[in-house]
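Trainee: The structure file work.txt (compact mmCIF, C-alpha atoms and all ligand atoms) is provided below.
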```
# COMPACT_ATOMS: atom_id res chain seq x y z
CA MET N 1 -69.92 -22.64 21.84
CA LEU N 2 -66.30 -21.98 20.89
CA ILE N 3 -63.65 -24.61 21.68
CA LEU N 4 -59.90 -24.06 21.45
CA GLY N 5 -57.74 -27.19 21.13
CA ILE N 6 -53.96 -27.48 21.54
CA ASP N 7 -51.61 -30.34 20.65
CA THR N 8 -47.91 -30.18 21.49
CA SER N 9 -47.30 -33.92 21.90
CA CYS N 10 -44.32 -34.14 19.54
CA ASP N 11 -42.75 -31.69 17.08
CA ASP N 12 -45.83 -29.81 15.85
CA THR N 13 -47.31 -26.85 17.70
CA GLY N 14 -50.98 -27.21 16.73
CA VAL N 15 -53.86 -24.93 17.68
CA GLY N 16 -57.40 -25.17 16.31
CA LEU N 17 -60.78 -23.56 16.90
CA VAL N 18 -64.07 -25.37 16.56
CA ARG N 19 -67.58 -23.96 16.82
CA LEU N 20 -70.24 -26.25 18.23
CA GLU N 21 -73.80 -25.37 17.32
CA GLY N 22 -76.65 -27.85 17.43
CA GLY N 23 -74.50 -30.93 17.78
CA ARG N 24 -72.41 -30.40 14.66
CA PRO N 25 -68.83 -29.18 15.10
CA GLU N 26 -67.37 -26.78 12.53
CA ILE N 27 -63.65 -26.08 12.21
CA LEU N 28 -62.97 -22.33 12.15
CA SER N 29 -59.18 -22.51 12.05
CA ASN N 30 -56.32 -24.98 12.35
CA LEU N 31 -52.80 -23.62 12.57
CA ILE N 32 -49.73 -25.84 12.72
CA TRP N 33 -46.13 -24.83 13.29
CA THR N 34 -43.89 -27.75 12.27
CA GLN N 35 -40.44 -27.62 13.84
CA GLU N 36 -37.56 -27.76 11.36
CA VAL N 37 -34.80 -28.04 13.96
CA HIS N 38 -34.97 -31.86 14.08
CA SER N 39 -34.32 -32.54 10.40
CA ARG N 40 -30.54 -32.41 10.82
CA TYR N 41 -30.71 -35.15 13.48
CA GLY N 42 -32.90 -37.59 11.51
CA GLY N 43 -35.36 -37.79 14.43
CA VAL N 44 -37.09 -35.63 17.01
CA MET N 45 -34.86 -34.29 19.82
CA PRO N 46 -37.21 -34.08 22.84
CA GLU N 47 -35.59 -31.16 24.67
CA LEU N 48 -35.31 -29.05 21.52
CA ALA N 49 -38.99 -29.78 20.82
CA SER N 50 -40.06 -28.54 24.28
CA ARG N 51 -38.07 -25.35 23.96
CA GLU N 52 -39.44 -24.52 20.55
CA HIS N 53 -43.02 -25.16 21.72
CA VAL N 54 -42.41 -22.60 24.49
CA GLU N 55 -41.22 -20.07 21.92
CA ARG N 56 -44.02 -20.70 19.41
CA ILE N 57 -47.15 -21.41 21.42
CA ASP N 58 -48.21 -17.77 21.94
CA GLY N 59 -47.84 -16.95 18.25
CA VAL N 60 -49.69 -20.05 17.07
CA VAL N 61 -52.59 -19.42 19.49
CA SER N 62 -52.82 -15.77 18.34
CA GLY N 63 -52.67 -16.86 14.69
CA ALA N 64 -55.41 -19.48 15.13
CA LEU N 65 -57.66 -16.98 16.95
CA ALA N 66 -57.08 -14.35 14.24
CA ALA N 67 -57.77 -16.86 11.46
CA ALA N 68 -61.06 -17.75 13.16
CA GLY N 69 -61.90 -14.04 13.66
CA VAL N 70 -62.32 -14.38 17.43
CA THR N 71 -60.50 -13.33 20.60
CA LEU N 72 -59.34 -15.51 23.48
CA SER N 73 -62.02 -14.10 25.80
CA GLN N 74 -64.71 -15.44 23.43
CA VAL N 75 -63.47 -19.02 23.89
CA ASP N 76 -65.92 -21.10 25.97
CA VAL N 77 -63.96 -24.34 26.42
CA LEU N 78 -60.25 -25.19 26.38
CA ALA N 79 -58.85 -28.59 25.44
CA ALA N 80 -55.30 -29.92 25.22
CA THR N 81 -53.49 -33.22 24.74
CA HIS N 82 -52.28 -34.64 28.05
CA GLY N 83 -50.70 -37.81 26.60
CA PRO N 84 -49.19 -39.88 25.19
CA GLY N 85 -46.18 -38.03 23.80
CA LEU N 86 -42.91 -36.36 24.74
CA ILE N 87 -43.35 -35.26 28.33
CA GLY N 88 -41.67 -31.85 28.05
CA ALA N 89 -43.46 -31.08 24.81
CA LEU N 90 -46.88 -32.14 26.16
CA LEU N 91 -46.44 -29.92 29.22
CA VAL N 92 -46.22 -26.74 27.13
CA GLY N 93 -49.64 -27.04 25.48
CA LEU N 94 -51.27 -28.55 28.54
CA MET N 95 -50.08 -25.79 30.90
CA TYR N 96 -51.00 -23.12 28.35
CA ALA N 97 -54.56 -24.41 28.05
CA LYS N 98 -54.97 -24.94 31.80
CA GLY N 99 -53.61 -21.44 32.44
CA ALA N 100 -56.07 -19.91 29.98
CA ALA N 101 -58.94 -21.92 31.50
CA GLN N 102 -57.98 -20.70 34.96
CA ALA N 103 -57.60 -17.06 33.86
CA LEU N 104 -60.86 -17.02 31.88
CA ASP N 105 -62.75 -19.21 34.34
CA ARG N 106 -63.74 -21.71 31.62
CA PRO N 107 -63.89 -25.52 31.68
CA PHE N 108 -60.82 -27.47 30.58
CA TYR N 109 -60.81 -30.91 28.92
CA ALA N 110 -57.70 -33.11 28.86
CA VAL N 111 -57.71 -35.10 25.60
CA HIS N 112 -56.00 -38.38 24.74
CA HIS N 113 -53.87 -37.84 21.62
CA LEU N 114 -55.26 -40.91 19.83
CA GLU N 115 -58.84 -39.93 20.63
CA GLY N 116 -57.95 -36.66 18.92
CA HIS N 117 -56.70 -38.53 15.84
CA ILE N 118 -59.95 -40.53 15.70
CA TYR N 119 -62.16 -37.44 16.09
CA ALA N 120 -60.28 -35.74 13.24
CA ALA N 121 -62.53 -37.84 10.99
CA ALA N 122 -65.68 -36.53 12.72
CA SER N 123 -65.55 -33.01 11.32
CA GLU N 124 -67.12 -33.62 7.92
CA ALA N 125 -69.45 -36.46 8.69
CA GLU N 126 -71.86 -37.62 11.32
CA LEU N 127 -69.70 -40.28 12.94
CA GLU N 128 -71.82 -42.50 15.15
CA PRO N 129 -70.53 -45.52 17.08
CA PRO N 130 -70.30 -48.42 16.82
CA TYR N 131 -67.28 -48.37 14.51
CA LEU N 132 -63.77 -49.68 14.13
CA ALA N 133 -60.93 -47.14 14.27
CA LEU N 134 -57.50 -47.72 12.71
CA VAL N 135 -54.94 -45.18 13.90
CA VAL N 136 -51.89 -45.29 11.61
CA SER N 137 -49.31 -42.71 12.54
CA GLY N 138 -45.63 -42.21 13.26
CA GLY N 139 -45.90 -43.88 16.66
CA HIS N 140 -49.01 -46.08 16.43
CA THR N 141 -50.66 -48.76 14.34
CA HIS N 142 -53.62 -49.53 16.54
CA LEU N 143 -57.03 -50.96 15.73
CA PHE N 144 -59.77 -50.06 18.22
CA ASP N 145 -63.35 -51.16 18.49
CA VAL N 146 -65.54 -48.23 19.54
CA PRO N 147 -68.88 -49.68 20.70
CA ARG N 148 -70.03 -46.40 22.29
CA ALA N 149 -68.75 -42.81 22.26
CA GLY N 150 -65.69 -42.54 24.50
CA GLU N 151 -65.29 -46.34 24.93
CA TYR N 152 -62.26 -47.99 23.29
CA ARG N 153 -61.26 -51.65 23.08
CA LEU N 154 -57.93 -52.53 21.54
CA VAL N 155 -58.45 -55.16 18.84
CA GLY N 156 -54.86 -55.33 17.57
CA ALA N 157 -51.68 -53.34 17.23
CA THR N 158 -48.25 -53.56 15.68
CA ARG N 159 -45.79 -56.01 17.20
CA ASP N 160 -42.83 -53.83 16.27
CA ASP N 161 -42.62 -50.67 14.16
CA ALA N 162 -45.55 -48.33 13.51
CA ALA N 163 -46.64 -48.01 9.87
CA GLY N 164 -45.50 -44.36 9.64
CA GLU N 165 -42.16 -45.25 11.19
CA ALA N 166 -41.72 -47.92 8.49
CA PHE N 167 -42.55 -45.41 5.73
CA ASP N 168 -39.94 -43.07 7.25
CA LYS N 169 -37.26 -45.77 7.53
CA VAL N 170 -37.81 -47.20 4.03
CA ALA N 171 -37.69 -43.66 2.58
CA ARG N 172 -34.43 -43.06 4.40
CA LEU N 173 -32.72 -46.23 3.16
CA ALA N 174 -33.95 -45.50 -0.38
CA GLY N 175 -32.52 -41.97 -0.11
CA LEU N 176 -35.94 -40.34 -0.53
CA GLY N 177 -35.79 -37.84 2.35
CA PHE N 178 -37.90 -36.95 5.40
CA PRO N 179 -40.75 -37.14 6.27
CA GLY N 180 -40.82 -40.48 4.52
CA GLY N 181 -44.57 -40.95 4.03
CA PRO N 182 -45.11 -38.21 1.45
CA ALA N 183 -41.71 -39.01 -0.17
CA ILE N 184 -42.65 -42.69 -0.62
CA ALA N 185 -46.09 -41.78 -1.97
CA GLU N 186 -44.53 -39.41 -4.51
CA ALA N 187 -41.80 -41.83 -5.67
CA ALA N 188 -44.28 -44.73 -5.79
CA ARG N 189 -46.19 -43.00 -8.60
CA ARG N 190 -43.20 -43.62 -10.88
CA GLY N 191 -42.45 -47.14 -9.67
CA ASN N 192 -43.72 -50.67 -10.26
CA PRO N 193 -45.61 -52.11 -7.25
CA ASN N 194 -44.76 -55.65 -8.40
CA ALA N 195 -41.03 -55.04 -8.93
CA VAL N 196 -39.96 -56.11 -5.41
CA ALA N 197 -41.55 -59.29 -4.08
CA PHE N 198 -42.35 -58.43 -0.44
CA SER N 199 -44.11 -61.18 1.45
CA GLU N 200 -47.12 -59.96 3.39
CA PRO N 201 -46.48 -59.87 7.17
CA LEU N 202 -48.29 -62.26 9.56
CA GLN N 203 -50.11 -64.15 6.81
CA GLY N 204 -52.55 -66.71 8.15
CA GLN N 205 -52.73 -65.16 11.64
CA LYS N 206 -55.96 -65.64 13.59
CA GLY N 207 -55.57 -62.35 15.45
CA PHE N 208 -55.48 -58.78 14.20
CA GLU N 209 -51.88 -57.74 14.67
CA PHE N 210 -49.57 -55.83 12.35
CA SER N 211 -45.82 -56.00 11.75
CA PHE N 212 -43.59 -53.74 9.70
CA SER N 213 -40.02 -54.44 10.77
CA GLY N 214 -39.67 -57.44 8.42
CA LEU N 215 -40.69 -55.26 5.47
CA LYS N 216 -38.05 -52.74 6.48
CA THR N 217 -35.36 -55.44 6.45
CA ALA N 218 -36.64 -56.82 3.11
CA ALA N 219 -36.52 -53.29 1.70
CA LEU N 220 -32.90 -52.91 2.79
CA LEU N 221 -31.94 -56.20 1.09
CA ALA N 222 -33.81 -55.27 -2.10
CA SER N 223 -32.11 -51.87 -2.13
CA LYS N 224 -28.67 -53.51 -1.82
CA ALA N 225 -29.65 -55.88 -4.64
CA GLY N 226 -30.23 -52.87 -6.90
CA ALA N 227 -33.97 -52.08 -6.74
CA THR N 228 -34.63 -48.48 -7.77
CA PRO N 229 -36.00 -46.09 -5.11
CA GLU N 230 -39.21 -45.76 -7.16
CA ASP N 231 -39.81 -49.52 -7.43
CA LEU N 232 -38.94 -49.96 -3.76
CA ALA N 233 -41.37 -47.19 -2.77
CA ALA N 234 -44.20 -48.55 -4.95
CA SER N 235 -43.73 -52.16 -3.82
CA PHE N 236 -43.38 -51.28 -0.12
CA GLN N 237 -46.41 -48.98 -0.19
CA ALA N 238 -48.50 -51.66 -1.90
CA VAL N 239 -47.70 -54.39 0.63
CA ALA N 240 -48.06 -52.05 3.63
CA VAL N 241 -51.48 -50.85 2.44
CA ARG N 242 -52.61 -54.41 1.62
CA SER N 243 -51.68 -55.61 5.10
CA LEU N 244 -53.48 -52.73 6.84
CA LEU N 245 -56.57 -53.25 4.68
CA LYS N 246 -56.84 -57.03 4.99
CA THR N 247 -56.45 -57.09 8.76
CA SER N 248 -58.91 -54.20 9.27
CA VAL N 249 -61.54 -55.82 7.04
CA ARG N 250 -61.13 -59.17 8.79
CA ALA N 251 -61.51 -57.48 12.20
CA ALA N 252 -64.62 -55.62 11.03
CA ARG N 253 -66.22 -58.88 9.84
CA HIS N 254 -65.24 -60.64 13.06
CA LEU N 255 -66.79 -57.92 15.23
CA GLY N 256 -69.78 -57.26 12.96
CA ARG N 257 -68.83 -53.64 12.30
CA ASP N 258 -69.67 -51.98 8.98
CA THR N 259 -68.01 -48.61 9.65
CA LEU N 260 -64.30 -47.89 9.73
CA VAL N 261 -62.39 -44.75 10.66
CA VAL N 262 -58.81 -44.48 9.39
CA SER N 263 -56.74 -41.65 10.87
CA GLY N 264 -53.21 -40.54 11.75
CA GLY N 265 -50.47 -39.36 9.39
CA VAL N 266 -50.46 -42.45 7.16
CA ALA N 267 -54.20 -41.96 6.49
CA ALA N 268 -53.12 -39.08 4.22
CA ASN N 269 -51.71 -41.68 1.80
CA ALA N 270 -53.63 -41.60 -1.50
CA ALA N 271 -53.00 -45.26 -2.38
CA LEU N 272 -54.27 -46.29 1.06
CA ARG N 273 -57.42 -44.21 0.61
CA GLU N 274 -58.08 -45.77 -2.80
CA ALA N 275 -57.57 -49.28 -1.46
CA PHE N 276 -59.83 -48.72 1.58
CA ALA N 277 -62.54 -47.32 -0.69
CA THR N 278 -62.91 -50.86 -2.09
CA SER N 279 -63.16 -52.46 1.38
CA GLY N 280 -66.95 -52.72 1.33
CA LEU N 281 -67.01 -50.87 4.68
CA ARG N 282 -68.30 -47.34 5.21
CA THR N 283 -64.90 -45.67 5.59
CA TYR N 284 -64.20 -42.24 7.07
CA PHE N 285 -60.92 -40.31 6.76
CA PRO N 286 -59.92 -36.94 8.23
CA PRO N 287 -60.03 -34.04 5.74
CA PRO N 288 -56.70 -32.67 4.38
CA GLY N 289 -54.59 -31.06 7.10
CA LEU N 290 -56.14 -33.12 9.87
CA ASN N 291 -54.27 -36.40 9.35
CA THR N 292 -51.01 -35.51 11.06
CA ASP N 293 -50.86 -33.83 14.49
CA ASN N 294 -53.00 -30.71 14.81
CA GLY N 295 -55.01 -28.69 17.31
CA ALA N 296 -58.40 -28.88 15.57
CA MET N 297 -58.64 -32.63 16.24
CA ILE N 298 -58.13 -31.95 19.95
CA ALA N 299 -60.87 -29.30 19.84
CA LEU N 300 -63.13 -31.83 18.04
CA ALA N 301 -62.49 -34.43 20.76
CA GLY N 302 -63.21 -31.71 23.34
CA ALA N 303 -66.48 -30.95 21.54
CA ALA N 304 -67.40 -34.64 21.67
CA ALA N 305 -66.71 -34.71 25.42
CA VAL N 306 -68.95 -31.66 25.91
CA LEU N 307 -71.72 -33.24 23.78
CA ALA N 308 -71.47 -36.48 25.74
CA GLY N 309 -71.89 -34.52 28.98
CA ARG N 310 -68.51 -35.60 30.30
CA PRO N 311 -67.34 -33.59 33.32
CA ALA N 312 -64.46 -31.16 32.76
CA SER N 313 -60.97 -32.31 33.81
CA PRO N 314 -59.48 -31.11 37.10
CA LEU N 315 -56.76 -28.48 36.59
CA SER N 316 -54.50 -30.71 38.68
CA ILE N 317 -54.26 -33.19 35.75
CA GLY N 318 -50.71 -33.68 34.52
CA ALA N 319 -49.01 -34.81 31.31
CA THR N 320 -48.37 -38.53 30.82
CA ALA N 321 -45.79 -39.86 28.35
CA TYR N 322 -47.12 -43.45 28.24
CA LEU N 323 -50.90 -43.48 28.21
CA PRO N 324 -52.75 -46.41 26.56
CA LEU N 325 -56.22 -45.57 25.21
CA ALA N 326 -57.38 -49.11 25.84
CA SER N 327 -55.74 -52.43 26.55
CA LEU N 328 -56.21 -55.78 24.79
N1 LIG N 401 -48.90 -39.47 2.40
C1 LIG N 401 -48.40 -40.23 3.36
N2 LIG N 401 -48.24 -41.57 3.17
C2 LIG N 401 -47.74 -42.36 4.14
N3 LIG N 401 -47.35 -41.91 5.34
C3 LIG N 401 -47.49 -40.60 5.60
C4 LIG N 401 -48.02 -39.70 4.63
N4 LIG N 401 -48.02 -38.44 5.18
C5 LIG N 401 -47.51 -38.57 6.43
N5 LIG N 401 -47.18 -39.86 6.69
C6 LIG N 401 -46.53 -40.41 7.88
O1 LIG N 401 -47.29 -40.05 9.02
C7 LIG N 401 -46.42 -39.99 10.15
C8 LIG N 401 -46.73 -38.75 10.97
O2 LIG N 401 -48.05 -38.83 11.41
P1 LIG N 401 -48.54 -38.25 12.81
O3 LIG N 401 -48.17 -36.79 12.88
O4 LIG N 401 -49.96 -38.59 12.98
O5 LIG N 401 -47.64 -39.13 13.77
P2 LIG N 401 -47.02 -38.80 15.16
O6 LIG N 401 -47.83 -37.74 15.79
O7 LIG N 401 -45.57 -38.60 14.96
O8 LIG N 401 -47.24 -40.16 15.94
P3 LIG N 401 -48.33 -40.49 17.07
O9 LIG N 401 -49.59 -39.81 16.70
O10 LIG N 401 -48.43 -41.96 17.00
O11 LIG N 401 -47.75 -39.99 18.34
C9 LIG N 401 -44.99 -40.01 9.63
O12 LIG N 401 -44.43 -41.28 9.91
C10 LIG N 401 -45.17 -39.80 8.13
O13 LIG N 401 -44.18 -40.42 7.33
MG MG N 402 -49.96 -37.95 16.21
```
Once more with this new file: its structure as structure tokens, please.
Ligand SMILES: Nc1ncnc2c1ncn2[C@@H]1O[C@H](COP(=O)(O)OP(=O)(O)OP(=O)(O)O)[C@@H](O)[C@H]1O
Ligand SMILES: [Mg+2]
Mentor:
Amino acid sequence: MLILGIDTSCDDTGVGLVRLEGGRPEILSNLIWTQEVHSRYGGVMPELASREHVERIDGVVSGALAAAGVTLSQVDVLAATHGPGLIGALLVGLMYAKGAAQALDRPFYAVHHLEGHIYAAASEAELEPPYLALVVSGGHTHLFDVPRAGEYRLVGATRDDAAGEAFDKVARLAGLGFPGGPAIAEAARRGNPNAVAFSEPLQGQKGFEFSFSGLKTAALLASKAGATPEDLAASFQAVAVRSLLKTSVRAARHLGRDTLVVSGGVAANAALREAFATSGLRTYFPPPGLNTDNGAMIALAGAAAVLAGRPASPLSIGATAYLPLASL
């Protein structure tokens, strides 16, 4: 069974193909077109994103099919993100996939973007619930308990900024460029993680929340006081990773989970991966290229829906900008 997945929730046009044979999904291709147009604005311009998705989607689909060595008519199942995300951007991939499903007379699965991020970690390993899933991306820092496949309970989330957003903002104030995550990681290798004394957010809390806006303010003050970009990057990265790790491990102990999935753009961070390797939990990360937004993760979530025997989505389903995966 061949599954084509599309994600156009933000500024990446992502298309991936996954083959499902005997319960084990295999990624055949994963093509991502990252829009450059936003860099001059310092943030994503929603209307420009929609328009560029419209221009690129055909080419990215053709490229992903060619890379997998298949044609569109060989695709058995279509899947696309229906939320959350930028409404105009979401519509492009969603309508494309629904149109193809209609034309080819194939089932269509609407996928939640965060479920896609979580399933990105399911490609290289047998990922069986129950587990805890930490989604750390540009828009989310959410910890979910997953007792059964397709069931999500929110354990904790950020009170303010997302972790990726904080990496981006600290990189910007340190003059390290965009996107900030990779820039911080690179600069941190030449800096001293103990140079700037950040205090860990929400110390002593009983719950499992996160907070990054205080670190951002502390970083600004340290920068004004003369901290070098490298020391700032190393110290910020260290405290951000420590906070994510400690809260996740505490939540896992509290809920009796021994398996943790860490996904989303920030899960690409090497220091974070090293730190989580010492957590004592069985920890799964997406493979390279599947941490930030992509189409293969949507195809993987579609494959999971097929395996679980979930009914296909009605073609009347629309895009939804605000779409919680689970509530507290
Ligand atoms: N190596 C890295 N270290 C830390 N952060 C990183 C790294 N690589 C990418 N990021 C961060 O990941 C974020 C982008 O991730 P992703 O594409 O998953 O987010 P998004 O799709 O914008 O948000 P969401 O999925 O919440 O809608 C950016 O904030 C970026 O700085
Ligand atoms: Mg994302």
Trainee: Can you check which parts of chain N lie within 8 Å of ligand MG 402 (chain N)? Per residue, the shortest pair of atoms and distance in Å to one decimal, counting all atoms listed in the file, sorted by chain and number, as a tab-separated table.
Mentor:
```
residue	atom	partner	partner_atom	distance
N:Ser9	CA	N:MG402	MG	7.5
N:Cys10	CA	N:MG402	MG	7.6
N:His113	CA	N:MG402	MG	6.7
N:Leu114	CA	N:MG402	MG	7.1
N:His117	CA	N:MG402	MG	6.8
N:Ser137	CA	N:MG402	MG	6.0
N:Gly138	CA	N:MG402	MG	6.8
N:Gly139	CA	N:MG402	MG	7.2
N:Gly264	CA	N:MG402	MG	6.1
N:Gly265	CA	N:MG402	MG	7.0
N:Thr292	CA	N:MG402	MG	5.8
N:Asp293	CA	N:MG402	MG	4.6
N:Asn294	CA	N:MG402	MG	8.0
```
Trainee: Can you list, as a ChimeraX atom specification, every protein, DNA or RNA residue that comes within 9 Å of stretch 172-182 of chain N when you count all atoms listed in the file, leaving out same-chain residues fewer than 6 positions away?
Mentor: /N:39,42,164-166,219-220,223,228-230,232-233,265-266,268-269
Trainee: Generate the output file for the selected residues, C-alpha atoms, as an mmCIF file, keeping the file's coordinate frame.
Mentor:
```
data_model
loop_
_atom_site.group_PDB
_atom_site.id
_atom_site.type_symbol
_atom_site.label_atom_id
_atom_site.label_comp_id
_atom_site.auth_asym_id
_atom_site.auth_seq_id
_atom_site.Cartn_x
_atom_site.Cartn_y
_atom_site.Cartn_z
ATOM 1 C CA SER N 39 -34.320 -32.540 10.400
ATOM 2 C CA GLY N 42 -32.900 -37.590 11.510
ATOM 3 C CA GLY N 164 -45.500 -44.360 9.640
ATOM 4 C CA GLU N 165 -42.160 -45.250 11.190
ATOM 5 C CA ALA N 166 -41.720 -47.920 8.490
ATOM 6 C CA ALA N 219 -36.520 -53.290 1.700
ATOM 7 C CA LEU N 220 -32.900 -52.910 2.790
ATOM 8 C CA SER N 223 -32.110 -51.870 -2.130
ATOM 9 C CA THR N 228 -34.630 -48.480 -7.770
ATOM 10 C CA PRO N 229 -36.000 -46.090 -5.110
ATOM 11 C CA GLU N 230 -39.210 -45.760 -7.160
ATOM 12 C CA LEU N 232 -38.940 -49.960 -3.760
ATOM 13 C CA ALA N 233 -41.370 -47.190 -2.770
ATOM 14 C CA GLY N 265 -50.470 -39.360 9.390
ATOM 15 C CA VAL N 266 -50.460 -42.450 7.160
ATOM 16 C CA ALA N 268 -53.120 -39.080 4.220
ATOM 17 C CA ASN N 269 -51.710 -41.680 1.800
#
```
Trainee: Give the answer as one residue: which of N:Glu186, N:Glu52, N:Asp231, N:Asp7 has the shortest atom-to-atom distance to N:Ala110, using all atoms listed in the file?
Mentor: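 Ranking N:Glu186, N:Glu52, N:Asp231, N:Asp7 by distance to N:Ala110, first place goes to N:Asp7.
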Trainee: Got a sec to check which residues sit within 10 Å of (-58.9, -28.0, 20.1), counting only C-alpha atoms, and write them as number ranges by chain?
Mentor: N: 2-7, 14-18, 27, 29-30, 77-81, 97, 109, 111, 116, 294-303
Trainee: Quick one: pull the distance between atom N3 of ligand LIG 401 (chain N) and atom CA of N:Ala267, Å, one decimal.
Mentor: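 Going from atom N3 of ligand LIG 401 (chain N) over to atom CA of N:Ala267 covers 6.9 Å.
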Trainee: Please provide the set of residues having any atom within 10 Å of N:Ser213, restricted to only C-alpha atoms, with same-chain residues fewer than 4 positions apart removed, written as an NGL selection string.
Mentor: :N and (158-163 or 165-166 or 169 or 201 or 217-219)
Trainee: Go through N:Ala304, N:Ala234, N:Leu260, N:Ala251 one by one, measure the shortest atom-to-atom distance of each to N:Gln205 using all atoms listed in the file, and give the residue with the smallest value.
Mentor: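 Using all atoms listed in the file, N:Gln205 sits closest to N:Ala251.
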Trainee: One decimal, Å: what's the distance from atom CA of N:Ala149 over to atom CA of N:Asp258, could you say?
Mentor: 16.2 Å
Trainee: Excluding N:Pro147 and residues on its chain fewer than 2 positions from it, collect all residues at most 8 Å away from it, counting all atoms listed in the file, and give them as a list in words.
Mentor: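 My list of contacting residues is Pro129, Pro130, Tyr131, Asp145, Ala149, Glu151 and Tyr152 of chain N.
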Trainee: Limited to C-alpha atoms, could you put the picked residues into a file as a short mmCIF file (atom, residue, chain, number, x, y, z; two decimals), keeping the file's coordinate frame?
Mentor:
```cif
data_model
loop_
_atom_site.label_atom_id
_atom_site.label_comp_id
_atom_site.auth_asym_id
_atom_site.auth_seq_id
_atom_site.Cartn_x
_atom_site.Cartn_y
_atom_site.Cartn_z
CA PRO N 129 -70.53 -45.52 17.08
CA PRO N 130 -70.30 -48.42 16.82
CA TYR N 131 -67.28 -48.37 14.51
CA ASP N 145 -63.35 -51.16 18.49
CA ALA N 149 -68.75 -42.81 22.26
CA GLU N 151 -65.29 -46.34 24.93
CA TYR N 152 -62.26 -47.99 23.29
#
```
Trainee: Taking (-59.0, -48.9, 18.9) in the file's coordinates as the center, which residues reach within 10 Å of it, counting only C-alpha atoms, put as a PyMOL selection string?
Mentor: chain N and resi 114-115+118+131-135+141-146+151-157+261+325-328
Trainee: Hey, can you check how far atom CA of N:Ala195 sits from atom CA of N:Phe236?
Mentor: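 Computing it gives 9.9 Å between the two atoms.
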Trainee: Edge lengths and centre, in Å to one decimal, as JSON: that's what I need for the box along x, y and z that holds all listed atoms of ligand LIG 401 (chain N) plus 6 Å on each side.
Mentor:
```
{"center_x": -47.1, "center_y": -39.6, "center_z": 10.4, "size_x": 17.8, "size_y": 17.6, "size_z": 27.9}
```
Trainee: Go through N:Met45, N:Ala100, N:Leu127, N:Ala305 and flag the residue nearest N:Leu86, using all atoms listed in the file for the distances.
Mentor: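 Result for the nearest residue to N:Leu86: N:Met45.
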Trainee: Quick one: of N:Arg40, N:Lys98, N:His112, N:Arg250, who's nearest to ligand LIG 401 (chain N), counting only C-alpha atoms and all ligand atoms?
Mentor: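 Of all the options, N:His112 lies closest to ligand LIG 401 (chain N).
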Trainee: Which residue is closest to ligand LIG 401 (chain N)? Choose from N:Phe108, N:Phe167, N:Phe210, N:Trp33 and count all atoms listed in the file.
Mentor: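 When distances to ligand LIG 401 (chain N) are compared using all atoms listed in the file, the smallest one comes from N:Phe167.
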Trainee: Take stretch 248-260 of chain N, model N, CA and C atoms, and hand the result over as a PDB file, in the coordinates of the input.
Mentor:
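So the final result, stored in selection.pdb, reads:
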```pdb
ATOM      1  N   SER N 248     -57.785 -55.033   8.815  1.00  0.00           N
ATOM      2  CA  SER N 248     -58.910 -54.200   9.270  1.00  0.00           C
ATOM      3  C   SER N 248     -60.238 -54.798   8.813  1.00  0.00           C
ATOM      4  N   VAL N 249     -60.284 -55.255   7.566  1.00  0.00           N
ATOM      5  CA  VAL N 249     -61.540 -55.820   7.040  1.00  0.00           C
ATOM      6  C   VAL N 249     -61.891 -57.108   7.784  1.00  0.00           C
ATOM      7  N   ARG N 250     -60.880 -57.941   8.045  1.00  0.00           N
ATOM      8  CA  ARG N 250     -61.130 -59.170   8.790  1.00  0.00           C
ATOM      9  C   ARG N 250     -61.656 -58.862  10.197  1.00  0.00           C
ATOM     10  N   ALA N 251     -61.069 -57.864  10.848  1.00  0.00           N
ATOM     11  CA  ALA N 251     -61.510 -57.480  12.200  1.00  0.00           C
ATOM     12  C   ALA N 251     -62.947 -56.966  12.166  1.00  0.00           C
ATOM     13  N   ALA N 252     -63.259 -56.173  11.141  1.00  0.00           N
ATOM     14  CA  ALA N 252     -64.620 -55.620  11.030  1.00  0.00           C
ATOM     15  C   ALA N 252     -65.630 -56.748  10.871  1.00  0.00           C
ATOM     16  N   ARG N 253     -65.311 -57.744  10.038  1.00  0.00           N
ATOM     17  CA  ARG N 253     -66.220 -58.880   9.840  1.00  0.00           C
ATOM     18  C   ARG N 253     -66.378 -59.657  11.147  1.00  0.00           C
ATOM     19  N   HIS N 254     -65.249 -59.873  11.815  1.00  0.00           N
ATOM     20  CA  HIS N 254     -65.240 -60.640  13.060  1.00  0.00           C
ATOM     21  C   HIS N 254     -66.128 -59.979  14.117  1.00  0.00           C
ATOM     22  N   LEU N 255     -66.059 -58.651  14.184  1.00  0.00           N
ATOM     23  CA  LEU N 255     -66.790 -57.920  15.230  1.00  0.00           C
ATOM     24  C   LEU N 255     -68.163 -57.440  14.761  1.00  0.00           C
ATOM     25  N   GLY N 256     -68.475 -57.681  13.479  1.00  0.00           N
ATOM     26  CA  GLY N 256     -69.780 -57.260  12.960  1.00  0.00           C
ATOM     27  C   GLY N 256     -69.897 -55.752  12.792  1.00  0.00           C
ATOM     28  N   ARG N 257     -68.794 -55.098  12.529  1.00  0.00           N
ATOM     29  CA  ARG N 257     -68.830 -53.640  12.300  1.00  0.00           C
ATOM     30  C   ARG N 257     -68.873 -53.346  10.808  1.00  0.00           C
ATOM     31  N   ASP N 258     -69.638 -52.331  10.402  1.00  0.00           N
ATOM     32  CA  ASP N 258     -69.670 -51.980   8.980  1.00  0.00           C
ATOM     33  C   ASP N 258     -69.087 -50.586   8.724  1.00  0.00           C
ATOM     34  N   THR N 259     -68.576 -49.949   9.793  1.00  0.00           N
ATOM     35  CA  THR N 259     -68.010 -48.610   9.650  1.00  0.00           C
ATOM     36  C   THR N 259     -66.573 -48.601  10.163  1.00  0.00           C
ATOM     37  N   LEU N 260     -65.718 -47.925   9.392  1.00  0.00           N
ATOM     38  CA  LEU N 260     -64.300 -47.890   9.730  1.00  0.00           C
ATOM     39  C   LEU N 260     -63.795 -46.453   9.659  1.00  0.00           C
TER      40      LEU N 260
END
```
